[in-house]
Structures are given as structure tokens and as C-alpha cells.
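K.L.:
Enclosed is the structure file final-v8.csv (CSV, C-alpha atoms).
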chain,number,residue,atom,x,y,z
A,99,MET,CA,11.2,1.2,12.8
A,100,LYS,CA,7.8,0.2,11.5
A,101,ILE,CA,7.7,0.3,7.7
A,102,ALA,CA,4.8,-0.4,5.3
A,103,HIS,CA,5.5,-1.1,1.7
A,104,ILE,CA,2.4,-0.7,-0.5
A,105,SER,CA,1.3,-1.7,-4.0
A,106,VAL,CA,-2.0,-2.2,-5.7
A,107,VAL,CA,-0.5,-3.3,-9.0
A,108,HIS,CA,2.2,-5.8,-8.3
A,109,THR,CA,1.9,-9.4,-7.1
A,110,THR,CA,2.6,-10.3,-3.5
A,111,PHE,CA,6.0,-11.9,-4.1
A,112,ASP,CA,7.3,-9.4,-6.6
A,113,THR,CA,11.0,-9.7,-6.8
A,114,ARG,CA,11.9,-6.1,-6.1
A,115,ILE,CA,9.3,-5.4,-3.5
A,116,TYR,CA,9.2,-8.6,-1.5
A,117,TYR,CA,12.4,-10.5,-2.0
A,118,LYS,CA,14.7,-7.5,-2.2
A,119,GLU,CA,13.4,-4.5,-0.4
A,120,CYS,CA,11.1,-6.0,2.3
A,121,LYS,CA,13.3,-8.9,3.2
A,122,SER,CA,16.4,-6.7,3.3
A,123,LEU,CA,14.7,-4.2,5.6
A,124,PHE,CA,13.4,-7.1,7.8
A,125,ASP,CA,16.9,-8.6,8.0
A,126,ALA,CA,18.2,-5.2,9.1
A,127,GLY,CA,15.9,-5.3,12.1
A,128,HIS,CA,12.8,-3.3,10.9
A,129,ASP,CA,9.2,-4.3,11.5
A,130,VAL,CA,8.0,-4.7,7.9
A,131,HIS,CA,4.4,-4.7,6.6
A,132,LEU,CA,3.4,-5.3,3.0
A,133,ILE,CA,0.0,-3.9,1.9
A,134,ILE,CA,-0.9,-5.6,-1.3
A,135,PRO,CA,-3.7,-7.6,-3.1
A,136,HIS,CA,-3.5,-11.0,-1.5
A,137,GLU,CA,-5.8,-13.8,-0.3
A,138,LYS,CA,-5.4,-13.4,3.4
A,139,TYR,CA,-3.3,-12.0,6.3
A,140,GLU,CA,-0.2,-13.9,6.8
A,141,ILE,CA,3.4,-13.6,8.0
A,142,SER,CA,6.0,-14.8,5.5
A,143,ASP,CA,9.7,-14.6,6.1
A,144,GLY,CA,8.9,-12.3,9.0
A,145,ILE,CA,7.0,-9.9,6.7
A,146,LYS,CA,3.4,-9.1,7.7
A,147,ILE,CA,1.3,-9.3,4.6
A,148,ILE,CA,-1.8,-7.1,4.9
A,149,PRO,CA,-4.3,-8.2,2.2
A,150,LEU,CA,-6.2,-6.0,-0.2
A,151,LYS,CA,-9.0,-7.3,-2.4
A,152,LEU,CA,-8.2,-9.4,-5.4
A,153,PHE,CA,-9.9,-8.5,-8.7
A,154,LYS,CA,-9.5,-10.2,-12.1
A,155,LYS,CA,-9.3,-6.8,-13.9
A,156,THR,CA,-6.2,-4.7,-13.1
A,157,ILE,CA,-8.1,-1.4,-13.1
A,158,TYR,CA,-10.5,-2.7,-10.5
A,159,LYS,CA,-7.7,-4.1,-8.4
A,160,THR,CA,-5.9,-0.8,-8.6
A,161,TYR,CA,-8.6,1.8,-8.0
A,162,PHE,CA,-11.2,-0.1,-6.0
A,163,ASN,CA,-8.5,-0.9,-3.4
A,164,LEU,CA,-7.3,2.7,-2.9
A,165,PRO,CA,-9.8,3.5,0.0
A,166,LEU,CA,-8.8,0.2,1.6
A,167,VAL,CA,-5.2,1.1,1.3
A,168,LEU,CA,-5.7,4.4,3.2
A,169,ILE,CA,-7.7,2.7,5.9
A,170,LYS,CA,-5.2,-0.1,6.4
A,171,SER,CA,-2.2,2.3,6.2
A,172,LEU,CA,-3.6,4.4,9.0
A,173,LYS,CA,-4.5,1.4,11.1
A,174,ILE,CA,-1.0,0.0,10.9
A,175,ASN,CA,0.3,3.5,12.0
A,176,ALA,CA,3.8,2.9,10.6
A,177,HIS,CA,6.6,5.4,10.8
A,178,ALA,CA,7.3,5.2,7.1
A,179,TYR,CA,5.3,4.3,4.0
A,180,HIS,CA,7.0,3.1,0.8
A,181,LEU,CA,4.9,3.5,-2.3
A,182,HIS,CA,5.5,1.3,-5.4
A,183,ASP,CA,2.8,2.6,-7.8
A,184,PRO,CA,2.1,6.1,-9.1
A,185,GLU,CA,-1.6,5.5,-8.4
A,186,LEU,CA,-0.7,5.6,-4.7
A,187,ILE,CA,0.8,9.1,-4.7
A,188,PRO,CA,-2.6,10.8,-3.6
A,189,ILE,CA,-2.6,8.3,-0.6
A,190,GLY,CA,1.0,9.4,0.1
A,191,ALA,CA,-0.1,13.0,0.2
A,192,ILE,CA,-2.8,12.2,2.8
A,193,LEU,CA,-0.3,10.3,4.9
A,194,LYS,CA,1.9,13.3,4.9
A,195,ILE,CA,-0.9,15.3,6.5
A,196,PHE,CA,-0.7,12.8,9.4
A,197,GLY,CA,3.0,13.5,9.7
A,198,LYS,CA,4.3,10.2,8.2
A,199,ILE,CA,7.5,9.6,6.2
A,200,VAL,CA,6.6,8.8,2.6
A,201,ILE,CA,8.9,7.3,0.0
A,202,TYR,CA,8.1,6.8,-3.6
A,203,ASP,CA,9.8,4.0,-5.5
A,204,VAL,CA,10.0,4.7,-9.2
A,205,HIS,CA,10.1,1.3,-11.0
A,206,GLU,CA,9.9,2.7,-14.5
A,207,VAL,CA,9.3,5.9,-16.6
A,208,TYR,CA,5.5,6.1,-16.5
A,209,SER,CA,5.5,9.2,-18.7
A,210,GLU,CA,6.6,6.9,-21.5
A,211,MET,CA,3.9,4.3,-21.1
A,212,PRO,CA,2.8,2.9,-24.6
A,213,LYS,CA,-0.8,3.2,-25.7
A,214,ARG,CA,-2.1,4.7,-22.5
A,215,HIS,CA,-2.2,8.4,-23.0
A,216,PHE,CA,-4.6,9.2,-20.2
A,217,PHE,CA,-2.5,7.4,-17.6
A,218,ARG,CA,0.7,8.9,-18.9
A,219,TYR,CA,-0.7,12.4,-18.3
A,220,LEU,CA,-2.3,11.4,-15.0
A,221,PHE,CA,0.9,9.8,-13.6
A,222,ASN,CA,3.0,12.7,-14.7
A,223,PHE,CA,0.6,15.0,-12.8
A,224,TYR,CA,0.9,12.7,-9.7
A,225,GLU,CA,4.6,12.7,-9.8
A,226,LYS,CA,4.6,16.5,-9.8
A,227,ILE,CA,2.6,16.3,-6.6
A,228,ALA,CA,5.1,13.8,-5.2
A,229,ILE,CA,8.1,16.0,-5.9
A,230,LYS,CA,6.5,18.8,-3.8
A,231,LEU,CA,5.2,16.7,-0.9
A,232,LEU,CA,7.0,13.4,-0.4
A,233,ASP,CA,10.2,12.8,1.5
A,234,ARG,CA,12.4,10.6,-0.7
A,235,PHE,CA,12.5,9.0,-4.1
A,236,VAL,CA,14.1,5.6,-4.8
A,237,ILE,CA,14.8,5.1,-8.5
A,238,ALA,CA,15.4,1.7,-10.1
A,239,ASP,CA,17.3,3.0,-13.1
A,240,PRO,CA,20.2,5.5,-12.8
A,241,LEU,CA,19.2,7.3,-16.1
A,242,ASN,CA,15.7,8.1,-14.8
A,243,THR,CA,16.7,10.6,-12.0
A,244,ASP,CA,16.4,13.9,-13.9
A,245,LYS,CA,12.9,14.8,-13.0
A,246,PHE,CA,13.3,14.2,-9.2
A,247,PRO,CA,15.2,16.4,-6.8
A,248,LYS,CA,18.8,15.3,-6.4
A,249,ASN,CA,19.0,16.0,-2.7
A,250,ARG,CA,16.0,13.7,-2.0
A,251,THR,CA,16.7,10.9,-4.5
A,252,ILE,CA,18.8,7.7,-4.4
A,253,VAL,CA,19.3,5.0,-7.1
A,254,VAL,CA,18.7,1.5,-5.9
A,255,CYS,CA,19.1,-0.7,-9.0
A,256,ASN,CA,17.2,-4.0,-9.5
A,257,TYR,CA,20.3,-6.1,-9.5
A,258,PRO,CA,20.1,-9.9,-8.7
A,259,ILE,CA,20.4,-11.3,-5.2
A,260,LEU,CA,23.8,-12.9,-5.5
A,261,GLY,CA,23.4,-15.3,-2.5
A,262,LEU,CA,20.2,-16.6,-4.0
A,263,PHE,CA,21.9,-17.5,-7.2
A,264,ASP,CA,24.9,-19.0,-5.4
A,265,ASP,CA,22.6,-21.3,-3.5
A,266,LEU,CA,20.8,-22.2,-6.7
A,267,ILE,CA,24.0,-23.1,-8.5
A,268,LYS,CA,25.2,-25.3,-5.6
A,269,SER,CA,21.9,-27.2,-5.5
A,270,SER,CA,21.3,-27.6,-9.2
A,271,ASN,CA,22.1,-30.6,-11.3
A,272,LYS,CA,21.5,-28.4,-14.4
A,273,ASN,CA,19.3,-30.9,-16.1
A,274,LYS,CA,18.5,-30.3,-19.8
A,275,ILE,CA,14.9,-29.3,-20.5
A,276,ASN,CA,14.9,-30.9,-23.9
A,277,GLY,CA,17.7,-33.5,-24.4
A,278,ASP,CA,20.7,-32.4,-26.5
A,279,LYS,CA,19.3,-29.3,-28.1
A,280,LEU,CA,20.5,-25.9,-26.8
A,281,ILE,CA,17.9,-24.1,-24.9
A,282,LEU,CA,17.0,-20.5,-25.4
A,283,ILE,CA,15.0,-18.8,-22.6
A,284,TYR,CA,12.9,-15.7,-22.4
A,285,GLN,CA,11.3,-14.8,-19.0
A,286,GLY,CA,9.0,-11.9,-18.5
A,287,GLY,CA,5.9,-10.3,-20.1
A,288,LEU,CA,5.0,-12.0,-23.4
A,289,THR,CA,3.9,-8.9,-25.3
A,290,ARG,CA,4.1,-7.6,-28.8
A,291,ASN,CA,6.6,-4.9,-28.0
A,292,ARG,CA,9.0,-7.3,-26.4
A,293,GLY,CA,9.8,-9.0,-29.7
A,294,ILE,CA,8.3,-12.4,-28.9
A,295,LYS,CA,7.1,-13.1,-32.5
A,296,ASP,CA,10.6,-12.4,-33.8
A,297,ILE,CA,12.4,-14.8,-31.5
A,298,ILE,CA,9.8,-17.5,-32.4
A,299,ASN,CA,10.4,-16.8,-36.1
A,300,ALA,CA,14.1,-17.0,-35.5
A,301,THR,CA,13.8,-20.5,-34.1
A,302,GLY,CA,11.9,-21.4,-37.3
A,303,ILE,CA,14.9,-20.1,-39.4
A,304,LEU,CA,17.2,-22.3,-37.3
A,305,ASN,CA,15.1,-25.3,-38.3
A,306,GLY,CA,14.8,-27.3,-35.1
A,307,LYS,CA,18.4,-26.8,-33.8
A,308,VAL,CA,17.2,-25.1,-30.6
A,309,LYS,CA,14.3,-25.2,-28.2
A,310,LEU,CA,12.8,-21.9,-27.0
A,311,VAL,CA,11.4,-21.8,-23.5
A,312,LEU,CA,8.9,-19.0,-22.6
A,313,LEU,CA,7.9,-18.1,-19.1
A,314,GLY,CA,5.4,-15.3,-18.3
A,315,LYS,CA,1.9,-13.9,-18.9
A,316,TRP,CA,0.6,-13.3,-22.4
A,317,GLU,CA,-0.7,-10.0,-23.7
A,318,LYS,CA,-4.4,-10.3,-24.5
A,319,ASP,CA,-5.0,-12.3,-27.7
A,320,PHE,CA,-1.3,-12.5,-28.5
A,321,GLN,CA,-0.7,-16.1,-27.7
A,322,GLN,CA,-2.9,-17.2,-30.5
A,323,GLU,CA,-0.9,-15.1,-33.0
A,324,CYS,CA,2.3,-16.7,-31.8
A,325,GLN,CA,1.0,-20.2,-31.9
A,326,SER,CA,0.2,-19.8,-35.6
A,327,LEU,CA,3.8,-19.1,-36.5
A,328,SER,CA,5.9,-21.9,-38.1
A,329,GLY,CA,8.5,-21.6,-35.3
A,330,TRP,CA,6.0,-22.5,-32.6
A,331,ASP,CA,7.0,-26.1,-33.0
A,332,ASN,CA,10.2,-25.2,-31.3
A,333,VAL,CA,8.6,-23.5,-28.3
A,334,THR,CA,7.9,-24.8,-24.9
A,335,TYR,CA,5.5,-22.5,-23.0
A,336,LEU,CA,5.7,-23.1,-19.2
A,337,GLY,CA,3.2,-20.4,-18.1
A,338,PHE,CA,3.6,-17.9,-15.3
A,339,LYS,CA,5.8,-19.3,-12.5
A,340,LYS,CA,7.0,-18.3,-9.1
A,341,VAL,CA,10.5,-16.7,-9.0
A,342,SER,CA,12.1,-19.9,-7.6
A,343,GLU,CA,10.7,-22.0,-10.4
A,344,VAL,CA,11.7,-19.5,-13.1
A,345,TYR,CA,15.3,-19.6,-11.9
A,346,ASN,CA,15.3,-23.4,-12.0
A,347,TYR,CA,14.4,-23.3,-15.6
A,348,THR,CA,16.9,-20.5,-16.3
A,349,ILE,CA,19.9,-22.3,-14.9
A,350,SER,CA,19.0,-25.2,-17.2
A,351,SER,CA,19.2,-23.0,-20.3
A,352,ASP,CA,22.1,-22.1,-22.6
A,353,ILE,CA,21.3,-18.6,-24.0
A,354,GLY,CA,19.1,-15.9,-22.6
A,355,LEU,CA,17.0,-13.5,-24.8
A,356,ALA,CA,16.0,-9.9,-24.4
A,357,THR,CA,15.1,-8.6,-27.8
A,358,LEU,CA,12.7,-5.8,-26.9
A,359,TYR,CA,11.6,-3.3,-29.4
A,360,PRO,CA,13.1,0.3,-29.1
A,361,HIS,CA,10.3,1.8,-27.1
A,362,PRO,CA,11.4,4.9,-25.1
A,363,ASN,CA,10.8,3.0,-21.9
A,364,TYR,CA,13.2,0.3,-22.9
A,365,LEU,CA,16.0,2.1,-24.6
A,366,CYS,CA,17.9,3.1,-21.4
A,367,SER,CA,16.4,0.4,-19.1
A,368,LEU,CA,18.3,-2.2,-17.0
A,369,PRO,CA,16.4,-5.4,-17.7
A,370,VAL,CA,16.4,-7.6,-14.6
A,371,LYS,CA,16.3,-10.7,-16.7
A,372,VAL,CA,19.6,-9.9,-18.2
A,373,PHE,CA,21.3,-9.6,-14.9
A,374,GLU,CA,19.8,-12.9,-13.8
A,375,TYR,CA,21.2,-14.5,-16.9
A,376,MET,CA,24.6,-13.0,-16.0
A,377,ALA,CA,24.4,-14.3,-12.5
A,378,LEU,CA,23.9,-17.8,-13.9
A,379,SER,CA,26.8,-17.5,-16.4
A,380,ILE,CA,24.4,-17.5,-19.3
A,381,PRO,CA,25.2,-15.4,-22.4
A,382,THR,CA,22.5,-13.1,-23.8
A,383,VAL,CA,21.2,-12.2,-27.3
A,384,MET,CA,19.7,-8.7,-26.9
A,385,SER,CA,18.5,-5.6,-28.8
A,386,ASP,CA,21.2,-3.4,-30.2
A,387,PHE,CA,20.2,-0.2,-28.2
A,388,PRO,CA,23.2,2.0,-27.8
A,389,TYR,CA,22.9,2.0,-24.0
A,390,TRP,CA,22.6,-1.7,-23.9
A,391,LYS,CA,25.6,-2.2,-26.2
A,392,GLU,CA,27.7,-0.1,-23.9
A,393,MET,CA,26.4,-1.6,-20.7
A,394,TYR,CA,26.5,-5.3,-21.7
A,395,SER,CA,29.3,-5.3,-24.3
A,396,GLU,CA,31.3,-8.0,-22.5
A,397,CYS,CA,28.5,-10.6,-22.0
A,398,ALA,CA,26.1,-10.4,-24.9
A,399,LEU,CA,25.6,-10.4,-28.7
A,400,PHE,CA,23.4,-7.7,-30.2
A,401,VAL,CA,20.7,-7.8,-32.8
A,402,ASN,CA,18.1,-5.8,-34.7
A,403,PRO,CA,15.0,-6.9,-32.6
A,404,TYR,CA,12.7,-6.6,-35.7
A,405,ASP,CA,14.9,-8.9,-37.8
A,406,PRO,CA,14.4,-12.7,-37.1
A,407,LYS,CA,17.2,-13.5,-39.5
A,408,ASP,CA,19.7,-11.4,-37.6
A,409,ILE,CA,18.5,-12.9,-34.3
A,410,ALA,CA,18.9,-16.4,-35.8
A,411,GLU,CA,22.4,-15.6,-37.1
A,412,LYS,CA,23.6,-14.4,-33.7
A,413,ILE,CA,22.1,-17.5,-32.0
A,414,GLN,CA,23.8,-19.7,-34.6
A,415,THR,CA,27.1,-17.9,-33.8
A,416,LEU,CA,26.7,-19.0,-30.2
A,417,LEU,CA,25.6,-22.5,-31.2
A,418,ASP,CA,28.8,-22.9,-33.3
A,419,ASN,CA,31.2,-21.5,-30.7
A,420,LYS,CA,31.0,-23.0,-27.3
A,421,GLU,CA,34.1,-21.1,-26.2
A,422,LEU,CA,32.3,-17.8,-26.9
A,423,ARG,CA,29.3,-18.9,-24.9
A,424,ILE,CA,31.5,-19.8,-22.0
A,425,LYS,CA,33.5,-16.5,-22.3
A,426,LEU,CA,30.4,-14.3,-22.4
A,427,GLY,CA,28.7,-16.2,-19.6
A,428,LYS,CA,31.8,-16.1,-17.3
A,429,ARG,CA,32.3,-12.4,-17.8
A,430,GLY,CA,28.7,-11.7,-17.0
A,431,ARG,CA,29.0,-13.6,-13.8
A,432,GLU,CA,32.2,-11.7,-12.9
A,433,LEU,CA,30.3,-8.4,-13.4
A,434,VAL,CA,27.5,-9.5,-11.1
A,435,GLU,CA,29.9,-10.6,-8.4
A,436,THR,CA,31.9,-7.3,-8.4
A,437,GLN,CA,29.3,-4.7,-9.4
A,438,TYR,CA,25.7,-5.7,-10.2
A,439,ASN,CA,24.3,-7.4,-7.1
A,440,TRP,CA,21.6,-6.7,-4.6
A,441,GLU,CA,23.8,-7.2,-1.6
A,442,THR,CA,25.6,-3.9,-2.6
A,443,GLU,CA,22.3,-2.0,-3.5
A,444,SER,CA,20.5,-3.0,-0.4
A,445,LYS,CA,23.0,-1.0,1.8
A,446,LYS,CA,21.8,2.2,0.1
A,447,LEU,CA,18.1,1.4,1.1
A,448,ILE,CA,19.0,0.5,4.7
A,449,LYS,CA,21.1,3.7,5.0
A,450,LEU,CA,18.2,5.8,3.6
A,451,TYR,CA,15.8,4.5,6.4
A,452,LYS,CA,18.5,5.1,9.0
A,453,GLU,CA,18.8,8.7,7.9
A,454,LEU,CA,15.0,9.3,7.8
A,455,TYR,CA,14.2,7.8,11.2
A,456,LYS,CA,15.8,9.1,14.4
A,457,GLY,CA,13.5,7.3,16.8
For the structure just supplied, provide its representation as C-alpha cells.

P.N.:
Amino acid sequence: MKIAHISVVHTTFDTRIYYKECKSLFDAGHDVHLIIPHEKYEISDGIKIIPLKLFKKTIYKTYFNLPLVLIKSLKINAHAYHLHDPELIPIGAILKIFGKIVIYDVHEVYSEMPKRHFFRYLFNFYEKIAIKLLDRFVIADPLNTDKFPKNRTIVVCNYPILGLFDDLIKSSNKNKINGDKLILIYQGGLTRNRGIKDIINATGILNGKVKLVLLGKWEKDFQQECQSLSGWDNVTYLGFKKVSEVYNYTISSDIGLATLYPHPNYLCSLPVKVFEYMALSIPTVMSDFPYWKEMYSECALFVNPYDPKDIAEKIQTLLDNKELRIKLGKRGRELVETQYNWETESKKLIKLYKELYKG
């Protein structure tokens, strides 16, 4: 079956799109294309990458590429098109006119987007169109299925690729990033509503006992704010790295962080970074959202994300108690091995395509 995954927002080697869905479908014997902003046409891991234009501004990359998406989609003439952005739903509607199978992959709750009221209303309108016209819906979070028709929706969670982490553990010497100090790590978007200032301030309260490693892209003008904090002396900022590099730093860390603010889009989310910490037997300090406290109760400590003192105290608890660090990390790893892994989730995706295509 010829399948085209499409995104105008994500990067080429996005973990969910490329490493999980595209590679799994290719390994299952499908002819997989990826239409996405990229420098050139190439074949990577058997996946044919069809380039869209690269723009510095996201809004240009998104909307100026839509006509090109339609042209290249029709030229490929795939059996099925898998959309990863709400902006692509109008393209999906046109593809349906041509008799194509169209799947919409819901990465997050776009109707709860912060500070972007116009796009919240627009994407909500688009999703209403999708519900009427598109064939199937793939949801990343099991709590976000209510608005989509049950008979056409499956949940494929963004759990870690267990085999990838097993290989990483076998090949790693687990070298310390900063000598004898325990290493805290945060990987992901470095934005105000993800509690970055509070974890930096918490390291200041701990007075040099730990080193905080940050990996990711900064929100506009936010890096300067963070660098002015007293705790910044305890921070190592490593920039935006490829997935493989991120994991090499993660495995060398002692405590993972996920202290996001209680925005509606986060309260019932399943943060990928936490499952990745779990896969590497790393305990987590995370926000005390009720859903998170239930979901991760056996492998994390919970804090008020607005309170650097609380964050510092929970980190100090883990600093003082190596046995607790090991216990939480071990239990997290067990949960990934038995429940929360991509190897299990990928079977749902492969089954979906088998049901849709009878050719």
C-alpha cells in the first residue's frame, strides 16, 4: 500500500511521525512517503521524503506550502494520506473528492491552544469538517477522543520505542555530564508555561548541589529572562538536538523534570518525555495534576509547578535517598516494558491500514 504522511508544521525527523509511524509502516511492508518541509528529496530508512519549502517563520512554512502539498500529494497518487496538522484538513477534503483514504492524526487538543484565539476557532471548525468527511482518526491521548466518532477513531499513544532504548542502554557508558553532581534534565520546548523559570530558581535554592541540563528551543525573548536568574549558574543549555543526541544526554542524567503549568492542554496529557525518562530508569519530578498523580504514581514525585521551593524540596528528597531514586526508576522501566511502549501501539496502526485497504 502506498501511504503519504503529511505535515507542514513538524520537523522532518519528528519522533511520532518519522521514527514511530512512518518507520513502523515501512517495516510492515508499505511504500511510505513523507511530505514535509525539508531541504531536498531523499530516501531515509526506506522512507521517501518529499520536500516542501523551508521558511524561517512558521506561519509562512505552514500556509505558503499548502498549495504545494496538494500538488505533490496528487502527484504521488497514494492510496492513503495521513495528516498530522489541522491546517491540512482542507487538503484532506480535496483528496476525498479524488477518492482517497484520508486519516487525521490528532497530536493534541487544538481547541485549547493558549494565546491563539483565532487558530483555536479555525482548527475547531476544521475538525468539524474532518468529522464529516475523513475516514479515520488517530488520537495520541486516550482522554481526547470524545469529539471524534467512536467507530472511526483509534488511540495510538506516543509511547517510547522500547528497542531503541534497549540498544541505547547496551551501548552507553553513562558518563556524567558534570562530574559528581546529580544531573537534572528537561527536554522539550523551553517556554514560559512549561515552568522553566521555576526549575531554574529551584536549582538556585539547592545552592549548587545539582546541575540542570536544558535541551530544546526557546520561546521568543524568554532565554534572556532565564539567564538573568540567580539559578542560571547551575544550568547547562545544550540547544536543540536530534533525537539520538537527546537520548544520550538523558541516559547520563539522574532525575527528569516535567513541571508544566496547569494549562488545559497539559492537565490530561501524556508527556512523551516522562515515558522516555521511565524507559531509561530515571525518576521524575513533575506537576501535581490529578491525572498525572494517578498515571505516574509509582515512578515520580509531584510538586506545585509554580513553587520553586516545593520543586527544590522534592529534588532534595531524591538527592538524599538513592534507594528511592532507584525504586522509582526501576518501576518506571517495568511499566514501559509491560504497558507503555511503541511496539504494542504500532500494532494498532498497522491493523488500521490493513482494515482500510483491501487492494

K.L.:
Can you list, as number ranges by chain, every protein, DNA or RNA residue that comes within 9 Å of segment 222-231 of chain A when you count only C-alpha atoms, leaving out same-chain residues fewer than 4 positions away?

P.N.:
A: 184-188, 190-191, 194, 200, 202, 208-209, 217-218, 235, 245-247

K.L.:
Give me, as a ChimeraX atom specification, all polymer residues having an atom no more than 12 Å from Gln437 of chain A, counting only C-alpha atoms and skipping those fewer than 3 positions away in the same chain.

P.N.:
/A:255,257-260,373,376-377,429-434,440-443

K.L.:
Which residues are near Asn163 of chain A? Cut-off 9 Å, only C-alpha atoms, ignore same chain within fewer than 6 positions. Put them as a ChimeraX atom specification.

P.N.:
/A:106,135,150-152

K.L.:
Write out as a list in words each polymer residue whose atoms come within 9 Å of Lys307 of chain A, counting only C-alpha atoms; drop sequence neighbours fewer than 6 positions from it.

P.N.:
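Neighbouring residues, sequence-local ones excluded: Lys279, Leu280, Thr301, Asn332, Gln414 and Leu417 of chain A.
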
K.L.:
Between A:Ser367, A:Asn256, A:Glu317, A:Tyr117, which has the minimum distance to Leu241 of chain A (counting only C-alpha atoms)?

P.N.:
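With only C-alpha atoms as the atom set, the closest residue is A:Ser367.
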
K.L.:
Is it possible to dump segment 167-209 of chain A as a compact mmCIF listing (two decimals), in the first residue's frame, including just C-alpha atoms?

P.N.:
# COMPACT_ATOMS: atom_id res chain seq x y z
CA VAL A 167 1.15 19.96 -0.52
CA LEU A 168 -1.89 19.42 -2.74
CA ILE A 169 0.19 19.28 -5.93
CA LYS A 170 2.70 16.81 -4.50
CA SER A 171 0.00 14.71 -2.86
CA LEU A 172 -1.84 14.26 -6.14
CA LYS A 173 1.42 13.58 -7.99
CA ILE A 174 2.34 10.79 -5.57
CA ASN A 175 -1.11 9.26 -6.09
CA ALA A 176 -1.03 7.34 -2.82
CA HIS A 177 -3.79 5.04 -1.64
CA ALA A 178 -3.94 6.75 1.78
CA TYR A 179 -2.95 10.14 3.16
CA HIS A 180 -2.16 10.58 6.86
CA LEU A 181 -2.48 14.22 8.00
CA HIS A 182 -0.60 15.45 11.07
CA ASP A 183 -1.76 19.08 11.28
CA PRO A 184 -5.24 20.61 11.49
CA GLU A 185 -4.17 23.10 8.82
CA LEU A 186 -4.15 20.18 6.36
CA ILE A 187 -7.81 19.22 6.82
CA PRO A 188 -8.97 21.29 3.78
CA ILE A 189 -6.35 19.41 1.72
CA GLY A 190 -7.78 16.17 3.08
CA ALA A 191 -11.26 17.23 1.99
CA ILE A 192 -9.99 17.76 -1.57
CA LEU A 193 -8.22 14.40 -1.54
CA LYS A 194 -11.51 12.77 -0.58
CA ILE A 195 -13.02 14.18 -3.78
CA PHE A 196 -10.39 12.14 -5.63
CA GLY A 197 -11.49 9.00 -3.79
CA LYS A 198 -8.51 8.75 -1.45
CA ILE A 199 -8.38 7.32 2.05
CA VAL A 200 -7.64 10.17 4.48
CA ILE A 201 -6.62 9.79 8.12
CA TYR A 202 -6.26 12.64 10.59
CA ASP A 203 -3.71 12.22 13.39
CA VAL A 204 -4.65 14.33 16.44
CA HIS A 205 -1.43 15.14 18.31
CA GLU A 206 -3.02 17.46 20.87
CA VAL A 207 -6.20 19.36 21.77
CA TYR A 208 -6.00 22.33 19.42
CA SER A 209 -9.20 23.86 20.75
